[in-house]
Amino acid sequence: MLLGIMQRKKNNRRGKPVPHQRGAGWNRRFTAAAYVLAAVLAVGLLAALYLKMGNRQERYEATFFGSFDTVTVVTGYARTQEIFEEQAGKLEQKLREYHELFDIYHTYEGTSNIKAINDAAGEEPVKVSQDIINMLKMGIDMYHKTEGKVNIAYGSVLSLWHEYREEGMADPGRAKLPPDTLIQERMEHTDISKIVIDEEASTVFLEDKDMSLDVGSIGKGYAVQQLSSYAKEQGMGHLLLSVGGNVCAVGGKLDGTPWQVGIENPQLESQKPYVGTVGLSGKSIVTSGDYQRYYTVGGKRYCHIIHPDTGMPSGYFPSVSVLAEDSGMADALSTALFNMELEEGLALVEAWPEVEALWILEDGGIRCSSGFKFHEEK
Amino acid sequence: MKKNDIILIAALLAAALAALAGIALYSAGTAKGAEAVVYINGKEQGRYPLGEGRAVKIPAGDGGYNLLEIKDGQADITKASCPDKICVDQRPVSRQGESLVCLPNKVVVEIENGGEPEIDGSTN
């Protein structure tokens, strides 16, 4: 190039008309090369710009309330926030449907739910959706697999505690425990074999008029599992669903690595927020603990998980987390393990090859089943 | 190589460079420091940089409130009108994606713009 310019200058100085430089082969090749280079650069940069603005999937998060009395967080990827919000909105709607189906306190127009079954206890079978039947069957199955340490027919006792807990939280000075005689009386009406499911007629009947269902130990997990299948059907392949700490990974992250899920440290005063993290890809982790939902009577904490054998709040350890393929199963099992001594629970989990668990003990110690792997232990 | 060639090539390169500068500026513009973002019932109410200490009273309807304090680069709910006080019991948060939640008041305080998160979710 320099040569070309110098030549031209030289020629100019001589006062000769400058012929077109086309005759110079080197120069022509150079010009072409410069054009190609500039064009490639421009196209490359425009492509980068296009990818950045138009086609790249960004990570988004949506938070919503209103289902299962907890907060739901959906983390995923989409090209724009609008697209993501539309997807999250579908999931929110779906979750709400399950909330209504499994609700024991409210009636919804056009929905035959768990409350309807409870209301008709001792009277008549109630026609319900296949989702309710599947969930109840899973609950009954989990009762038998855990020697009765999680019982969906325990509603009569749970509602008693619920009542006393709500009152105690609203007016802590006058918080009290339910009278023992009342607990014993309610425990008479918790026989899970009195749930009669007629699959052909799609009905559920409670034979004991004083019994009631409470699916708090499994309904949320079941719903999250259904939500994850629904998400896949809708083409959402990389999602992390967290419904009140019931965490389910649909696939991994966009880059193929697993989602990192922290297991919260029950010692809330500690500087360490998590005891460790686990990598989650296409699986669920669910924790049952006594340190978040509880009420205090006479300086002592009483948590919301009630032991089916004693009718009293459980207190073997602060928390247990279950890692499993199915979120509903993980949910029910974490409640069952919370109602078992550590060694008993450990034996149960070890006999179940596809399930792992982690216990956090009162002194801060940690116990894991043999296949439990931390991504990072804190 | 004619003068026009040079001008055209220069123009192409200038346009490309301008686009590059635009991308860089756009990226810089979005990569602000970490903020505590307050949501009530899913709607954004305010953003507060973690770098500046302050106390914000979040109104939560029916005279309810949550007091958000930002101190030493951390956000914490230190007082609240809710019955369960789970939000007050929660640890201060400072890392991307971490959040404070008050279920009765439907208040969420979430850390955003804090870079790549270390943890994607948590179970408790």
# chains A, B, ... in the order shown; residues from 1 in each chain; ligands from 1
call {"tool": "residues_around", "arguments": {"residues": "region 40-51 of chain B", "least_positions_apart": "5", "cutoff": "10 Å", "atoms": "only C-alpha atoms", "output": "MDAnalysis selection string"}}
result
(chainID A and resid 62:66) or (chainID B and resid 32:35 56 58:61 69:75 93:94 102:103 105:114)
call {"tool": "select_by_dssp", "arguments": {"residues": "region 93-195 of chain A", "states": "alpha helix (DSSP H)", "output": "PyMOL selection string"}}
result
chain A and resi 93-102+114-119+130-145+155-170+180-187
call {"tool": "write_last_selection", "arguments": {"atoms": "C-alpha atoms", "output": "PDB file, in the first residue's frame"}}
result
ATOM      1  CA  GLN A  93     -51.885 -21.440  36.274  1.00  0.00           C
ATOM      2  CA  LYS A  94     -51.202 -25.182  36.322  1.00  0.00           C
ATOM      3  CA  LEU A  95     -49.872 -25.062  39.869  1.00  0.00           C
ATOM      4  CA  ARG A  96     -52.935 -23.137  40.952  1.00  0.00           C
ATOM      5  CA  GLU A  97     -55.144 -25.908  39.548  1.00  0.00           C
ATOM      6  CA  TYR A  98     -53.336 -28.466  41.697  1.00  0.00           C
ATOM      7  CA  HIS A  99     -53.564 -26.181  44.695  1.00  0.00           C
ATOM      8  CA  GLU A 100     -57.332 -26.092  44.307  1.00  0.00           C
ATOM      9  CA  LEU A 101     -57.558 -29.855  43.775  1.00  0.00           C
ATOM     10  CA  PHE A 102     -55.589 -30.651  46.919  1.00  0.00           C
ATOM     11  CA  ILE A 114     -59.931 -33.090  48.722  1.00  0.00           C
ATOM     12  CA  LYS A 115     -62.225 -30.932  50.845  1.00  0.00           C
ATOM     13  CA  ALA A 116     -65.209 -32.404  48.972  1.00  0.00           C
ATOM     14  CA  ILE A 117     -63.993 -35.906  49.866  1.00  0.00           C
ATOM     15  CA  ASN A 118     -63.582 -34.888  53.522  1.00  0.00           C
ATOM     16  CA  ASP A 119     -66.982 -33.223  53.622  1.00  0.00           C
ATOM     17  CA  GLN A 130     -57.505 -38.950  37.931  1.00  0.00           C
ATOM     18  CA  ASP A 131     -54.872 -36.629  39.414  1.00  0.00           C
ATOM     19  CA  ILE A 132     -56.448 -36.906  42.868  1.00  0.00           C
ATOM     20  CA  ILE A 133     -56.711 -40.675  42.569  1.00  0.00           C
ATOM     21  CA  ASN A 134     -53.091 -41.026  41.434  1.00  0.00           C
ATOM     22  CA  MET A 135     -51.864 -38.778  44.231  1.00  0.00           C
ATOM     23  CA  LEU A 136     -53.869 -40.638  46.910  1.00  0.00           C
ATOM     24  CA  LYS A 137     -52.631 -43.991  45.616  1.00  0.00           C
ATOM     25  CA  MET A 138     -49.080 -42.719  45.845  1.00  0.00           C
ATOM     26  CA  GLY A 139     -49.775 -41.516  49.394  1.00  0.00           C
ATOM     27  CA  ILE A 140     -51.135 -44.929  50.424  1.00  0.00           C
ATOM     28  CA  ASP A 141     -48.167 -46.636  48.778  1.00  0.00           C
ATOM     29  CA  MET A 142     -45.752 -44.394  50.697  1.00  0.00           C
ATOM     30  CA  TYR A 143     -47.582 -45.185  53.962  1.00  0.00           C
ATOM     31  CA  HIS A 144     -46.874 -48.878  53.452  1.00  0.00           C
ATOM     32  CA  LYS A 145     -43.291 -48.346  52.284  1.00  0.00           C
ATOM     33  CA  GLY A 155     -56.207 -34.960  58.822  1.00  0.00           C
ATOM     34  CA  SER A 156     -58.207 -35.132  62.055  1.00  0.00           C
ATOM     35  CA  VAL A 157     -55.061 -34.764  64.216  1.00  0.00           C
ATOM     36  CA  LEU A 158     -53.302 -32.326  61.872  1.00  0.00           C
ATOM     37  CA  SER A 159     -56.289 -29.970  61.768  1.00  0.00           C
ATOM     38  CA  LEU A 160     -56.304 -29.891  65.576  1.00  0.00           C
ATOM     39  CA  TRP A 161     -52.651 -28.871  65.680  1.00  0.00           C
ATOM     40  CA  HIS A 162     -53.214 -26.431  62.841  1.00  0.00           C
ATOM     41  CA  GLU A 163     -55.922 -24.693  64.855  1.00  0.00           C
ATOM     42  CA  TYR A 164     -53.811 -24.426  68.010  1.00  0.00           C
ATOM     43  CA  ARG A 165     -50.743 -23.310  66.039  1.00  0.00           C
ATOM     44  CA  GLU A 166     -52.626 -20.552  64.218  1.00  0.00           C
ATOM     45  CA  GLU A 167     -54.069 -19.259  67.482  1.00  0.00           C
ATOM     46  CA  GLY A 168     -50.715 -19.511  69.222  1.00  0.00           C
ATOM     47  CA  MET A 169     -48.983 -17.556  66.464  1.00  0.00           C
ATOM     48  CA  ALA A 170     -51.625 -14.842  66.422  1.00  0.00           C
ATOM     49  CA  ASP A 180     -53.882 -34.786  75.278  1.00  0.00           C
ATOM     50  CA  THR A 181     -57.328 -36.387  75.520  1.00  0.00           C
ATOM     51  CA  LEU A 182     -58.404 -34.554  72.399  1.00  0.00           C
ATOM     52  CA  ILE A 183     -55.290 -35.689  70.512  1.00  0.00           C
ATOM     53  CA  GLN A 184     -55.920 -39.311  71.569  1.00  0.00           C
ATOM     54  CA  GLU A 185     -59.551 -39.032  70.511  1.00  0.00           C
ATOM     55  CA  ARG A 186     -58.634 -37.671  67.094  1.00  0.00           C
ATOM     56  CA  MET A 187     -56.005 -40.378  66.616  1.00  0.00           C
TER      57      MET A 187
END
call {"tool": "interface_residues", "arguments": {"of": "chain B", "to": "chain A", "cutoff": "10 Å", "atoms": "only C-alpha atoms", "output": "VMD selection string"}}
result
chain B and resid 1 to 2 5 to 6 8 to 20 22 to 23 27 39 to 43 82 to 87 89 to 93 97 101 to 104 106 to 108 110 117 to 124
call {"tool": "residues_around", "arguments": {"residues": "Lys220 (chain A)", "least_positions_apart": "2", "cutoff": "8 Å", "atoms": "only C-alpha atoms", "output": "MDAnalysis selection string"}}
result
chainID A and resid 68 99 216:218 222:224 243 246 328 331
call {"tool": "atom_distance", "arguments": {"atom1": "CA of Glu233 (chain A)", "atom2": "CA of Val250 (chain A)"}}
result
11.2 Å
call {"tool": "atom_distance", "arguments": {"atom1": "CA of Pro179 (chain A)", "atom2": "CA of Met312 (chain A)"}}
result
11.0 Å
call {"tool": "select_by_dssp", "arguments": {"residues": "chain B", "states": "strand (DSSP E)", "output": "count of residues only"}}
result
46
call {"tool": "atom_distance", "arguments": {"atom1": "CA of Val128 (chain A)", "atom2": "CA of Ser193 (chain A)"}}
result
18.7 Å
call {"tool": "residues_around", "arguments": {"residues": "Leu67 (chain B)", "least_positions_apart": "5", "cutoff": "8 Å", "atoms": "only C-alpha atoms", "output": "list of chain:residue names"}}
result
B:Ala55, B:Val56, B:Lys57, B:Ile58, B:Ile77, B:Thr78, B:Lys79, B:Ala80
